[in-house]
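Enquirer: Data file data_13.tsv (TSV, C-alpha atoms) is appended below.
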chain	number	residue	atom	x	y	z
T	658	MET	CA	28.04	14.46	-11.91
T	659	ARG	CA	29.62	11.51	-10.09
T	660	GLU	CA	28.83	13.17	-6.74
T	661	ARG	CA	25.18	13.55	-7.73
T	662	THR	CA	25.03	9.91	-8.86
T	663	GLU	CA	26.51	8.72	-5.54
T	664	ALA	CA	24.07	10.90	-3.57
T	665	ARG	CA	21.18	9.48	-5.58
T	666	ARG	CA	22.35	5.92	-4.92
T	667	ARG	CA	22.67	6.62	-1.18
T	668	ARG	CA	19.14	8.06	-1.11
T	669	ILE	CA	17.72	5.08	-2.98
T	670	GLU	CA	19.46	2.64	-0.62
T	671	GLU	CA	18.23	4.57	2.42
T	672	VAL	CA	14.61	4.44	1.19
T	673	LEU	CA	14.85	0.79	0.14
T	674	ARG	CA	16.17	-0.26	3.57
T	675	ARG	CA	12.91	1.03	5.06
T	676	ARG	CA	10.53	-0.67	2.63
T	677	GLN	CA	7.90	-2.83	4.32
T	678	PRO	CA	7.22	-5.92	2.20
T	679	ASP	CA	4.47	-7.06	4.59
T	680	LEU	CA	2.31	-3.92	4.48
T	681	THR	CA	0.16	-3.26	1.44
T	682	VAL	CA	-3.15	-2.08	0.05
T	683	LEU	CA	-5.64	-3.86	-2.17
T	684	LEU	CA	-7.71	-1.53	-4.33
T	685	GLU	CA	-10.99	-2.94	-5.63
T	686	ASN	CA	-12.28	-0.98	-8.62
T	687	VAL	CA	-10.69	2.31	-7.60
T	688	HIS	CA	-11.17	3.84	-11.03
T	689	LYS	CA	-10.33	7.53	-10.72
T	690	PRO	CA	-6.71	8.13	-11.75
T	691	HIS	CA	-6.14	10.90	-9.21
T	692	ASN	CA	-7.26	8.61	-6.36
T	693	LEU	CA	-5.04	5.75	-7.48
T	694	SER	CA	-2.10	8.11	-7.87
T	695	ALA	CA	-2.67	9.70	-4.45
T	696	ILE	CA	-2.89	6.27	-2.79
T	697	LEU	CA	0.38	5.19	-4.42
T	698	ARG	CA	2.00	8.39	-3.21
T	699	THR	CA	0.93	7.59	0.35
T	700	CYS	CA	2.18	4.01	-0.08
T	701	ASP	CA	5.59	5.37	-1.01
T	702	ALA	CA	5.55	7.76	1.96
T	703	VAL	CA	4.95	4.96	4.49
T	704	GLY	CA	7.29	2.44	2.85
T	705	VAL	CA	4.95	0.08	1.02
T	706	LEU	CA	6.90	-1.94	-1.55
T	707	GLU	CA	4.01	-3.24	-3.65
T	708	ALA	CA	0.33	-2.31	-3.93
T	709	HIS	CA	-2.41	-4.49	-5.40
T	710	ALA	CA	-5.42	-3.67	-7.55
T	711	VAL	CA	-8.42	-5.42	-9.05
T	712	ASN	CA	-10.34	-3.93	-11.93
T	713	PRO	CA	-12.51	-6.44	-13.82
T	714	THR	CA	-13.12	-3.96	-16.64
T	715	GLY	CA	-9.51	-4.44	-17.65
T	716	GLY	CA	-6.41	-2.75	-16.35
T	717	VAL	CA	-6.17	0.16	-13.97
T	718	PRO	CA	-6.48	3.87	-14.66
T	719	THR	CA	-3.53	5.83	-15.90
T	720	PHE	CA	-1.34	7.78	-13.51
T	721	ASN	CA	-1.35	11.54	-13.32
T	722	GLU	CA	0.67	14.27	-11.68
T	723	THR	CA	-0.91	13.53	-8.27
T	724	SER	CA	1.46	10.61	-7.78
T	725	GLY	CA	4.51	12.87	-7.77
T	726	GLY	CA	6.39	10.10	-9.55
T	727	SER	CA	5.68	7.60	-6.76
T	728	HIS	CA	4.44	5.03	-9.28
T	729	LYS	CA	8.12	4.52	-10.11
T	730	TRP	CA	8.88	3.49	-6.52
T	731	VAL	CA	5.80	1.44	-5.56
T	732	TYR	CA	5.10	-1.63	-7.65
T	733	LEU	CA	1.47	-2.16	-8.63
T	734	ARG	CA	0.35	-5.75	-9.13
T	735	VAL	CA	-2.96	-6.01	-10.98
T	736	HIS	CA	-5.07	-9.11	-10.31
T	737	PRO	CA	-7.80	-10.37	-12.67
T	738	ASP	CA	-10.42	-10.68	-9.90
T	739	ILE	CA	-10.89	-10.32	-6.16
T	740	HIS	CA	-10.54	-14.06	-5.49
T	741	GLU	CA	-7.14	-14.18	-7.18
T	742	ALA	CA	-6.01	-11.10	-5.23
T	743	PHE	CA	-7.03	-12.69	-1.92
T	744	ARG	CA	-5.40	-15.99	-2.86
T	745	PHE	CA	-2.15	-14.21	-3.67
T	746	LEU	CA	-2.11	-12.25	-0.40
T	747	LYS	CA	-3.22	-15.17	1.80
T	748	GLU	CA	-0.52	-17.45	0.38
T	749	ARG	CA	1.99	-14.84	1.56
T	750	GLY	CA	0.57	-14.69	5.08
T	751	PHE	CA	-1.32	-11.40	4.91
T	752	VAL	CA	-4.31	-10.58	7.08
T	753	VAL	CA	-6.76	-8.56	4.97
T	754	TYR	CA	-8.89	-5.86	6.57
T	755	ALA	CA	-11.67	-4.36	4.47
T	756	THR	CA	-12.70	-0.76	4.99
T	757	ALA	CA	-16.47	-0.70	5.45
T	758	LEU	CA	-19.23	1.47	6.90
T	759	ARG	CA	-20.70	-1.28	9.07
T	760	GLU	CA	-21.78	-1.40	12.68
T	761	ASP	CA	-19.51	-4.38	13.37
T	762	ALA	CA	-16.43	-2.76	11.81
T	763	ARG	CA	-13.60	-2.07	14.26
T	764	ASP	CA	-11.99	1.32	14.74
T	765	PHE	CA	-8.98	1.28	12.38
T	766	ARG	CA	-6.66	2.17	15.28
T	767	GLU	CA	-7.50	-1.11	17.08
T	768	VAL	CA	-5.79	-3.23	14.41
T	769	ASP	CA	-2.20	-4.48	14.82
T	770	TYR	CA	-0.44	-3.33	11.64
T	771	THR	CA	2.92	-4.73	12.72
T	772	LYS	CA	1.78	-8.10	11.40
T	773	PRO	CA	1.62	-8.78	7.64
T	774	THR	CA	-1.35	-6.59	6.73
T	775	ALA	CA	-3.27	-5.68	3.60
T	776	VAL	CA	-5.95	-2.98	3.75
T	777	LEU	CA	-8.74	-3.31	1.19
T	778	PHE	CA	-10.30	-0.13	-0.21
T	779	GLY	CA	-13.28	-0.16	-2.55
T	780	ALA	CA	-14.66	1.86	-5.42
T	781	GLU	CA	-15.18	5.56	-4.84
T	782	LYS	CA	-18.98	5.47	-4.90
T	783	TRP	CA	-19.84	2.01	-3.60
T	784	GLY	CA	-16.98	0.97	-1.36
T	785	VAL	CA	-15.83	-2.62	-0.94
T	786	SER	CA	-18.06	-5.23	-2.59
T	787	GLU	CA	-20.02	-7.74	-0.50
T	788	GLU	CA	-18.01	-10.49	-2.19
T	789	ALA	CA	-14.73	-8.96	-1.00
T	790	LEU	CA	-16.12	-8.26	2.48
T	791	ALA	CA	-16.97	-11.96	2.80
T	792	LEU	CA	-13.35	-12.87	1.97
T	793	ALA	CA	-11.78	-10.35	4.37
T	794	ASP	CA	-10.50	-11.25	7.83
T	795	GLY	CA	-12.32	-8.31	9.33
T	796	ALA	CA	-13.81	-4.89	8.67
T	797	ILE	CA	-12.37	-1.57	9.84
T	798	LYS	CA	-13.67	1.98	9.73
T	799	ILE	CA	-12.55	5.51	10.46
T	800	PRO	CA	-14.93	6.98	13.06
T	801	MET	CA	-16.69	10.04	11.66
T	802	LEU	CA	-18.12	12.72	13.95
T	803	GLY	CA	-19.48	15.06	11.30
T	804	MET	CA	-22.39	14.95	8.88
T	805	VAL	CA	-20.62	13.00	6.14
T	806	GLN	CA	-20.29	9.23	6.46
T	807	SER	CA	-16.90	8.70	4.88
T	808	LEU	CA	-13.71	10.22	3.56
T	809	ASN	CA	-12.46	10.19	-0.01
T	810	VAL	CA	-10.78	6.82	-0.68
T	811	SER	CA	-7.31	8.35	-1.05
T	812	VAL	CA	-7.69	10.31	2.19
T	813	ALA	CA	-8.94	7.21	4.02
T	814	ALA	CA	-5.93	5.28	2.71
T	815	ALA	CA	-3.60	7.98	4.02
T	816	VAL	CA	-5.20	8.03	7.47
T	817	ILE	CA	-4.99	4.24	7.85
T	818	LEU	CA	-1.53	3.82	6.34
T	819	PHE	CA	-0.03	6.51	8.57
T	820	GLU	CA	-1.47	4.70	11.60
T	821	ALA	CA	0.25	1.56	10.30
T	822	GLN	CA	3.48	3.55	9.93
T	823	ARG	CA	3.14	4.92	13.48
T	824	GLN	CA	2.77	1.39	14.90
T	825	ARG	CA	5.64	0.04	12.81
T	826	LEU	CA	7.95	2.90	13.80
T	827	ALA	CA	7.16	2.24	17.48
T	828	ALA	CA	7.94	-1.46	16.94
T	829	GLY	CA	11.28	-0.69	15.27
T	830	LEU	CA	10.30	-2.19	11.92
T	831	TYR	CA	11.94	0.63	9.95
T	832	GLU	CA	15.30	0.32	11.72
T	833	LYS	CA	16.77	-2.51	9.64
T	834	PRO	CA	16.20	-3.83	6.12
T	835	ARG	CA	13.08	-5.98	5.81
T	836	LEU	CA	13.68	-7.29	2.28
T	837	ASP	CA	15.62	-10.49	1.81
T	838	PRO	CA	19.02	-9.80	0.19
T	839	GLU	CA	18.05	-11.20	-3.22
T	840	LEU	CA	14.89	-9.09	-3.47
T	841	TYR	CA	16.73	-6.04	-2.12
T	842	GLN	CA	19.35	-6.34	-4.86
T	843	LYS	CA	16.72	-6.89	-7.55
T	844	VAL	CA	14.73	-3.81	-6.50
T	845	LEU	CA	17.90	-1.75	-6.05
T	846	ASN	CA	19.01	-2.55	-9.60
T	847	ASP	CA	15.54	-1.66	-10.92
T	848	TRP	CA	15.41	1.64	-9.02
T	849	LEU	CA	18.89	2.67	-10.11
T	850	ARG	CA	17.74	2.38	-13.74
T	851	LYS	CA	14.83	4.80	-13.19
Would you mind writing the structure in this file as C-alpha cells?

Expert:
Amino acid sequence: MRERTEARRRRIEEVLRRRQPDLTVLLENVHKPHNLSAILRTCDAVGVLEAHAVNPTGGVPTFNETSGGSHKWVYLRVHPDIHEAFRFLKERGFVVYATALREDARDFREVDYTKPTAVLFGAEKWGVSEEALALADGAIKIPMLGMVQSLNVSVAAAVILFEAQRQRLAAGLYEKPRLDPELYQKVLNDWLRK
C-alpha cells in the first residue's frame, strides 16, 4: 500500500511540474456536457492548469464519463459574463485569441503559444459571440479543405491545444516547473487529497 501511495505521489508531482499556468481556454456558452468534458480532458493532456467558462444562464453543464476524471486535475473557473472573463485574463497578462470563421482570421498555426495565451471557443451552434470577438486580441481558424466549415468544438480545442503543446515542447517550457512554489504546494496538497 505504501509503495502504491509513493508511486501515486511521484506521478502527481511529475504531472504538476509540467503544468502550464499561462496556457488556457475560455469557453463561451459551451453547453453540451460531453464537449465540456472532452475539452477538459484535452486541457489535462497538454498541461493546462485552469480552464475558464462563461455561461450566463447560470453555471456550467455537468461532467460525464468523457472527461476520464480530468475534471479533478484541471480547475474550472466560471465567470459571470464575458467582460469579467476577459478582465480576469487580461489582468494576468494573457493574449486572447478567438476561434472564428472569418476571412481575416489567422491560421491557428501562425500564433505564438509560448506567450501567455487563452483560446476562446464559442457555443456549439453559433460560435464565439460578436461581443467576445470585439474583446479578443485576434481571431484564429483551422483551415478546412472539405465540404464542412468547422470542426466540433471539442475537436477544434484539441487541434489548437496540441499545436500549443508542440510549440511549448520545442521551447522547453515543459522541462522545469512553471508554477511558483506556493501555488505548486497548494495544488499538490489538493491533488493528493483526490

Enquirer: Given only C-alpha atoms as the basis, pick out the residue of T:Asp847, T:Ala710, T:Leu840, T:Ala664 nearest to Leu697 of chain T.

Expert: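 Of T:Asp847, T:Ala710, T:Leu840, T:Ala664, the one nearest Leu697 of chain T, counting only C-alpha atoms, is T:Ala710.
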
Enquirer: Write out as a list in words the residues lying within 10 Å of Ser807 of chain T, counting all atoms listed in the file and excluding same-chain residues fewer than 6 positions away.

Expert: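 Residues near the query, excluding close chain neighbours: Ala757, Leu758, Gly784, Lys798, Ile799, Pro800, Met801 and Ala813 of chain T.
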
Enquirer: Using only C-alpha atoms, please write the residues we just selected to a file, as a PDB file, in the frame of the given file.

Expert:
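For reference, out-v2.pdb as written:
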ATOM      1  CA  ALA T 757     -16.470  -0.700   5.450  1.00  0.00           C
ATOM      2  CA  LEU T 758     -19.230   1.470   6.900  1.00  0.00           C
ATOM      3  CA  GLY T 784     -16.980   0.970  -1.360  1.00  0.00           C
ATOM      4  CA  LYS T 798     -13.670   1.980   9.730  1.00  0.00           C
ATOM      5  CA  ILE T 799     -12.550   5.510  10.460  1.00  0.00           C
ATOM      6  CA  PRO T 800     -14.930   6.980  13.060  1.00  0.00           C
ATOM      7  CA  MET T 801     -16.690  10.040  11.660  1.00  0.00           C
ATOM      8  CA  ALA T 813      -8.940   7.210   4.020  1.00  0.00           C
TER       9      ALA T 813
END

Enquirer: Counting only C-alpha atoms, which residues have an atom no more than 9 Å from (12.0, -9.1, 9.0) in the file's coordinates? Please list them as a PyMOL selection string.

Expert: chain T and resi 677-679+830+833-837

Enquirer: Using Å and a single decimal, report how far atom CA of Arg766 of chain T sits from atom CA of Val816 of chain T.

Expert: 9.9 Å

Enquirer: Hey, which of T:Asp794, T:Asp769, T:Asp701, T:Glu685 ends up closest to Leu673 of chain T? Count all atoms listed in the file.

Expert: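 Checking each of T:Asp794, T:Asp769, T:Asp701, T:Glu685 against Leu673 of chain T, counting all atoms listed in the file, the winner is T:Asp701.
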
Enquirer: Name the residues in contact with segment 726-741 of chain T at a cut-off of 7 Å, using all atoms listed in the file, excluding same-chain residues fewer than 3 positions from it; report them as a list in words.

Expert: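 The filter keeps Leu697, Arg698, Asp701, Val705, Leu706, Glu707, Ala708, His709, Ala710, Val711, Asn712, Pro713, Arg744, Phe745 and Ala789 of chain T.
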
Enquirer: Find the residue from T:Thr662, T:Ala796, T:Trp848, T:Ser811 that sits nearest to Ala695 of chain T; use all atoms listed in the file when measuring.

Expert: T:Ser811

Enquirer: Measure the distance from atom CA of Leu849 of chain T to atom CA of Arg659 of chain T in Å and round it to one decimal.

Expert: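 Computing the Euclidean distance for atom CA of Leu849 of chain T and atom CA of Arg659 of chain T yields 13.9 Å.
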
Enquirer: Could you check which of T:Val805, T:Leu693, T:Leu680, T:Val703 is closest to Phe751 of chain T, using only C-alpha atoms?

Expert: T:Leu680

Enquirer: Can you tell me how far atom CA of Glu781 of chain T sits from atom CA of Tyr754 of chain T, in Å to one decimal?

Expert: 17.3 Å

Enquirer: Kindly indicate which residue among T:Phe778, T:Leu792, T:Gly704, T:Tyr841 lies nearest to Leu684 of chain T, using all atoms listed in the file for the distances.

Expert: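 Closest candidate: T:Phe778.
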
Enquirer: Determine the nearest neighbour of Gly829 of chain T from the options T:Ile817, T:Pro690, T:Arg675, T:Thr774, counting only C-alpha atoms.

Expert: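 The shortest atom-to-atom distance to Gly829 of chain T comes from T:Arg675.
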
Enquirer: Could you work out an axis-aligned box for segment 815-822 of chain T, taking every atom the file lists and adding 6 Å on each side, and report centre and edge lengths in Å to one decimal, as lines of an AutoDock Vina configuration file?

Expert:
center_x = -0.9
center_y = 4.8
center_z = 7.8
size_x = 20.7
size_y = 18.5
size_z = 19.6
